[in-house]
Amino acid sequence: MGTGKKLIFYILLTISAIILFAPTLMALVMSFMSNQDILTGSLPTSLTLDNYKNAFERFPLFQYLFNSFVVSILIMIGQLVLCSLAAYAFVFLEFKGRDLLFYVFIATMMIPFEASIIPNFHIIRDLNWIDTYQGLTIPFFAMAFGTFLLRQNFKMIPKELKEASQIAGMGDFRFYLTVVLPVAKTSLVTLGVYGFLTSWNMYLWPLLATTNDSVRTVQIGLKQLQTQEQLNDWGVIMAGAVIVIIPTLILLFLGQKKLQRGLTEGALK
């Protein structure tokens with residue numbers, strides 16, 4: 001790539017980044033502005049932290065944040081455990097119809113989540129899991145994409161290594177813990193970050209599975225803050241939105257390289 005083409009390429013990347021980041025930057029600035037300045041559309045006459053203070057005072061933000069952390073971490077752990085075990089079975093265990101079962105399992109990725117909401121809701125209702133952490137998390141433990149990602153990674157482990165472990169008297173569970181999981185560490189981190197971010201941003205399912213503030217997540221709380229009064233206080237709403245996205249930004253910055261590497265390896269395999 002010549003110098004001129006490279007310069008144009010970087011200019012386009014910079015413009016694209018500015019366009020994509022502009023809404024986030026606007027929300028950040030609005031979170032420090034008074035509601036009067038926001039409604040008049042003028043430049044901020046002064047910056048204040050009152051919006052952040054009001055966000056914590058108007059609704060139980062700490063409780064919602066705690067609930068979101070618990071739900072996201074439980075879903076992340078559940079997906080890592082179930083997906084890695086399922087991927088191990090599809091790669092290292094020999095049983096009749098294994099490949100057909102895997103293709104049927106992967107075909108569930110084509111079913112939209114909205115189509116499974118009503119059956120899942122009836123199940124957690126019959127189990128009395130409304131307003132519980134298990135009702136918010138367990139329906140998301142089984143994940144076809146995660147199983148596919150880890151299966152592709154596990155297939156890179158030589159079968160001779162598995163045969164050698166059997167000769168040495170090592171069982172499947174020990175081989176899974178001591179050999180398979182360390183080799184697939186990058187893919188596990190990728191799946192963990194993906195599962196956490198997806199769970200953190202869920203809105204529809206927590207709205208259906210909860211009826212009070214005891215286990216409601218921060219996304220539901222943010223919507224409550226928006227409709228709490230007839231005249232929306234956009235400064236407070238933007239302050240709440242900034243607080244909500246901080247954990248996801250930190251996680252993305254910390255795991256960006258491993259996330260890109262894991263997705264690239266999964267696509268190549």
# chains A, B, ... in the order shown; residues from 1 in each chain; ligands from 1
>>> select_by_dssp(residues="segment 44-249 of chain A", states="alpha helix (DSSP H)", output="PyMOL selection string")
chain A and resi 50-58+61-92+98-107+113-126+133-137+144-154+159-167+172-175+181-183+185-200+204-209+218-226+234-249
>>> residues_around(residues="segment 218-222 of chain A", least_positions_apart="3", cutoff="8 Å", atoms="only C-alpha atoms", output="list in words")
Phe59, Pro60, Leu61, Tyr64, Leu65, Asn67, Ser68, Asn201, Met202, Tyr203, Pro206, Leu207, Leu225, Gln226, Ile237, Gly240, Ala241 and Val244 of chain A
>>> write_last_selection(atoms="all heavy atoms", output="CSV table (one decimal), in the first residue's frame")
chain,number,residue,atom,x,y,z
A,59,PHE,N,-33.2,6.7,42.0
A,59,PHE,CA,-33.6,5.3,41.9
A,59,PHE,C,-32.4,4.5,42.5
A,59,PHE,O,-31.3,5.0,42.5
A,59,PHE,CB,-34.0,4.8,40.5
A,59,PHE,CG,-32.9,4.7,39.5
A,59,PHE,CD1,-32.6,3.5,39.0
A,59,PHE,CD2,-32.1,5.8,39.2
A,59,PHE,CE1,-31.5,3.4,38.1
A,59,PHE,CE2,-31.1,5.7,38.2
A,59,PHE,CZ,-30.8,4.5,37.7
A,60,PRO,N,-32.6,3.2,42.9
A,60,PRO,CA,-31.6,2.4,43.6
A,60,PRO,C,-30.5,2.0,42.6
A,60,PRO,O,-30.5,0.8,42.2
A,60,PRO,CB,-32.3,1.3,44.2
A,60,PRO,CG,-33.6,1.1,43.4
A,60,PRO,CD,-33.9,2.5,43.0
A,61,LEU,N,-29.7,2.9,42.2
A,61,LEU,CA,-28.7,2.5,41.1
A,61,LEU,C,-27.7,1.5,41.6
A,61,LEU,O,-27.3,0.6,40.8
A,61,LEU,CB,-28.0,3.8,40.7
A,61,LEU,CG,-27.0,3.7,39.5
A,61,LEU,CD1,-27.7,3.2,38.3
A,61,LEU,CD2,-26.3,5.0,39.2
A,64,TYR,N,-29.3,-1.9,41.3
A,64,TYR,CA,-29.4,-2.3,39.9
A,64,TYR,C,-28.1,-2.8,39.4
A,64,TYR,O,-28.0,-3.7,38.6
A,64,TYR,CB,-30.0,-1.2,39.1
A,64,TYR,CG,-31.5,-0.9,39.4
A,64,TYR,CD1,-32.0,0.3,39.2
A,64,TYR,CD2,-32.3,-1.9,39.8
A,64,TYR,CE1,-33.3,0.6,39.4
A,64,TYR,CE2,-33.7,-1.7,40.0
A,64,TYR,CZ,-34.2,-0.4,39.8
A,64,TYR,OH,-35.5,-0.2,40.1
A,65,LEU,N,-27.0,-2.0,39.7
A,65,LEU,CA,-25.7,-2.3,39.2
A,65,LEU,C,-25.2,-3.7,39.8
A,65,LEU,O,-24.7,-4.5,39.1
A,65,LEU,CB,-24.7,-1.2,39.6
A,65,LEU,CG,-24.8,0.1,38.8
A,65,LEU,CD1,-23.9,1.1,39.5
A,65,LEU,CD2,-24.3,-0.1,37.4
A,67,ASN,N,-27.2,-6.1,40.8
A,67,ASN,CA,-28.0,-7.2,40.1
A,67,ASN,C,-27.4,-7.5,38.7
A,67,ASN,O,-27.3,-8.6,38.3
A,67,ASN,CB,-29.4,-6.8,40.0
A,67,ASN,CG,-30.1,-6.7,41.4
A,67,ASN,OD1,-29.7,-7.4,42.3
A,67,ASN,ND2,-31.2,-5.9,41.5
A,68,SER,N,-27.1,-6.4,38.0
A,68,SER,CA,-26.5,-6.6,36.7
A,68,SER,C,-25.2,-7.4,36.7
A,68,SER,O,-24.9,-8.3,35.9
A,68,SER,CB,-26.3,-5.3,36.0
A,68,SER,OG,-27.5,-4.7,35.6
A,201,ASN,N,-26.2,-6.0,28.7
A,201,ASN,CA,-27.1,-5.1,27.9
A,201,ASN,C,-28.5,-5.7,27.6
A,201,ASN,O,-29.2,-5.1,26.9
A,201,ASN,CB,-26.4,-4.8,26.5
A,201,ASN,CG,-25.2,-4.0,26.7
A,201,ASN,OD1,-25.1,-3.0,27.4
A,201,ASN,ND2,-24.1,-4.4,26.0
A,202,MET,N,-28.8,-6.8,28.3
A,202,MET,CA,-30.1,-7.4,28.1
A,202,MET,C,-31.2,-6.4,28.7
A,202,MET,O,-31.0,-5.8,29.7
A,202,MET,CB,-30.3,-8.7,28.8
A,202,MET,CG,-29.7,-9.9,28.1
A,202,MET,SD,-30.2,-11.5,28.8
A,202,MET,CE,-29.9,-11.3,30.5
A,203,TYR,N,-32.3,-6.3,27.9
A,203,TYR,CA,-33.4,-5.5,28.4
A,203,TYR,C,-34.7,-6.2,28.5
A,203,TYR,O,-35.4,-6.2,29.5
A,203,TYR,CB,-33.6,-4.2,27.5
A,203,TYR,CG,-34.7,-3.4,27.9
A,203,TYR,CD1,-34.7,-2.5,29.0
A,203,TYR,CD2,-35.9,-3.4,27.2
A,203,TYR,CE1,-35.8,-1.8,29.4
A,203,TYR,CE2,-37.0,-2.7,27.5
A,203,TYR,CZ,-36.9,-1.8,28.6
A,203,TYR,OH,-38.0,-1.1,29.0
A,206,PRO,N,-35.0,-9.4,31.2
A,206,PRO,CA,-35.2,-8.9,32.6
A,206,PRO,C,-36.5,-8.2,32.9
A,206,PRO,O,-37.0,-8.2,34.0
A,206,PRO,CB,-34.0,-8.0,32.8
A,206,PRO,CG,-33.0,-8.5,31.8
A,206,PRO,CD,-33.8,-8.9,30.7
A,207,LEU,N,-37.0,-7.5,31.8
A,207,LEU,CA,-38.3,-6.8,32.0
A,207,LEU,C,-39.4,-7.8,32.2
A,207,LEU,O,-40.3,-7.5,33.0
A,207,LEU,CB,-38.5,-5.9,30.7
A,207,LEU,CG,-39.8,-5.1,30.7
A,207,LEU,CD1,-39.8,-4.1,31.8
A,207,LEU,CD2,-40.0,-4.4,29.4
A,225,LEU,N,-35.9,5.5,35.1
A,225,LEU,CA,-35.5,6.9,35.3
A,225,LEU,C,-36.0,7.8,34.2
A,225,LEU,O,-36.3,8.9,34.5
A,225,LEU,CB,-33.9,6.9,35.4
A,225,LEU,CG,-33.3,8.3,35.7
A,225,LEU,CD1,-33.7,8.8,37.0
A,225,LEU,CD2,-31.8,8.2,35.6
A,226,GLN,N,-36.0,7.3,33.0
A,226,GLN,CA,-36.4,8.1,31.9
A,226,GLN,C,-37.9,8.4,31.9
A,226,GLN,O,-38.3,9.5,31.5
A,226,GLN,CB,-36.1,7.4,30.5
A,226,GLN,CG,-36.4,8.2,29.3
A,226,GLN,CD,-36.1,7.4,28.0
A,226,GLN,OE1,-35.3,6.4,28.1
A,226,GLN,NE2,-36.5,7.9,26.9
A,237,ILE,N,-30.6,11.4,33.0
A,237,ILE,CA,-30.6,10.2,32.2
A,237,ILE,C,-29.3,9.9,31.5
A,237,ILE,O,-28.8,8.8,31.5
A,237,ILE,CB,-31.7,10.3,31.1
A,237,ILE,CG1,-33.1,10.4,31.8
A,237,ILE,CG2,-31.7,9.2,30.1
A,237,ILE,CD1,-34.2,10.8,30.8
A,240,GLY,N,-26.9,8.6,34.1
A,240,GLY,CA,-27.1,7.2,34.4
A,240,GLY,C,-26.6,6.3,33.2
A,240,GLY,O,-26.1,5.2,33.5
A,241,ALA,N,-26.8,6.8,32.0
A,241,ALA,CA,-26.3,6.0,30.9
A,241,ALA,C,-24.8,5.9,30.9
A,241,ALA,O,-24.2,4.8,30.6
A,241,ALA,CB,-26.8,6.6,29.6
A,244,VAL,N,-23.7,3.3,33.4
A,244,VAL,CA,-24.0,2.0,32.9
A,244,VAL,C,-23.0,1.5,31.9
A,244,VAL,O,-22.6,0.3,32.0
A,244,VAL,CB,-25.4,2.0,32.3
A,244,VAL,CG1,-25.7,0.6,31.6
A,244,VAL,CG2,-26.5,2.2,33.3
>>> closest_residue(among="A:Leu204, A:Ile38, A:Phe196, A:Val29", to="Leu249 of chain A", atoms="only C-alpha atoms")
A:Phe196
>>> closest_residue(among="A:Val180, A:Ile157, A:Ala239, A:Met76", to="Thr24 of chain A", atoms="only C-alpha atoms")
A:Ala239
>>> closest_atom_pairs(of="segment 32-112 of chain A", to="segment 130-151 of chain A", cutoff="6 Å", atoms="only C-alpha atoms", output="CSV")
residue,atom,partner,partner_atom,distance
A:Ile75,CA,A:Thr137,CA,5.4
A:Gly78,CA,A:Phe141,CA,5.0
A:Gln79,CA,A:Phe141,CA,4.7
A:Cys83,CA,A:Thr147,CA,4.5
A:Ala87,CA,A:Arg151,CA,4.6
A:Ile106,CA,A:Ala144,CA,5.5
>>> atom_distance(atom1="atom CA of Leu12 of chain A", atom2="atom CA of Thr198 of chain A")
29.1 Å
>>> closest_residue(among="A:Ala164, A:Leu85, A:Ala115, A:Val215", to="Val71 of chain A", atoms="only C-alpha atoms")
A:Val215
>>> decode(residues="segment 36-59 of chain A", atoms="N, CA and C atoms", output="CSV table (one decimal), in the first residue's frame")
chain,number,residue,atom,x,y,z
A,36,GLN,N,-31.7,22.9,31.6
A,36,GLN,CA,-32.0,24.1,30.8
A,36,GLN,C,-31.2,24.2,29.6
A,37,ASP,N,-29.9,24.1,29.8
A,37,ASP,CA,-29.0,24.2,28.6
A,37,ASP,C,-29.2,23.1,27.6
A,38,ILE,N,-29.6,21.9,28.1
A,38,ILE,CA,-29.9,20.8,27.2
A,38,ILE,C,-31.1,21.0,26.4
A,39,LEU,N,-32.2,21.5,27.0
A,39,LEU,CA,-33.5,21.8,26.3
A,39,LEU,C,-33.4,22.9,25.4
A,40,THR,N,-32.6,23.9,25.7
A,40,THR,CA,-32.4,25.1,24.8
A,40,THR,C,-31.5,24.8,23.6
A,41,GLY,N,-30.7,23.7,23.7
A,41,GLY,CA,-29.8,23.3,22.7
A,41,GLY,C,-28.5,24.2,22.6
A,42,SER,N,-28.3,25.0,23.7
A,42,SER,CA,-27.1,25.9,23.7
A,42,SER,C,-25.9,25.2,24.3
A,43,LEU,N,-24.8,25.8,24.1
A,43,LEU,CA,-23.5,25.3,24.7
A,43,LEU,C,-23.6,25.4,26.2
A,44,PRO,N,-22.9,24.5,26.9
A,44,PRO,CA,-23.0,24.4,28.3
A,44,PRO,C,-22.4,25.7,29.0
A,45,THR,N,-23.2,26.4,29.8
A,45,THR,CA,-22.8,27.6,30.5
A,45,THR,C,-21.9,27.2,31.7
A,46,SER,N,-22.2,26.0,32.3
A,46,SER,CA,-21.4,25.5,33.4
A,46,SER,C,-21.5,24.0,33.4
A,47,LEU,N,-20.5,23.4,34.0
A,47,LEU,CA,-20.5,21.9,34.2
A,47,LEU,C,-20.7,21.6,35.6
A,48,THR,N,-21.5,20.6,35.9
A,48,THR,CA,-21.9,20.2,37.2
A,48,THR,C,-22.0,18.7,37.4
A,49,LEU,N,-21.8,18.3,38.6
A,49,LEU,CA,-21.9,16.8,39.0
A,49,LEU,C,-23.2,16.5,39.6
A,50,ASP,N,-24.2,17.5,39.6
A,50,ASP,CA,-25.5,17.2,40.2
A,50,ASP,C,-26.3,16.1,39.5
A,51,ASN,N,-26.1,16.0,38.2
A,51,ASN,CA,-26.8,14.9,37.5
A,51,ASN,C,-26.4,13.5,38.0
A,52,TYR,N,-25.1,13.3,38.3
A,52,TYR,CA,-24.7,12.0,38.8
A,52,TYR,C,-25.2,11.8,40.2
A,53,LYS,N,-25.3,12.9,41.0
A,53,LYS,CA,-25.8,12.8,42.4
A,53,LYS,C,-27.3,12.4,42.3
A,54,ASN,N,-28.0,13.1,41.4
A,54,ASN,CA,-29.4,12.9,41.3
A,54,ASN,C,-29.8,11.5,40.8
A,55,ALA,N,-28.9,11.0,39.9
A,55,ALA,CA,-29.1,9.6,39.4
A,55,ALA,C,-29.1,8.6,40.5
A,56,PHE,N,-28.2,8.7,41.4
A,56,PHE,CA,-28.1,7.8,42.6
A,56,PHE,C,-29.3,8.0,43.6
A,57,GLU,N,-29.8,9.2,43.6
A,57,GLU,CA,-30.8,9.5,44.6
A,57,GLU,C,-32.2,9.2,44.1
A,58,ARG,N,-32.4,9.2,42.8
A,58,ARG,CA,-33.8,9.1,42.3
A,58,ARG,C,-34.2,7.6,42.2
A,59,PHE,N,-33.2,6.7,42.0
A,59,PHE,CA,-33.6,5.3,41.9
A,59,PHE,C,-32.4,4.5,42.5
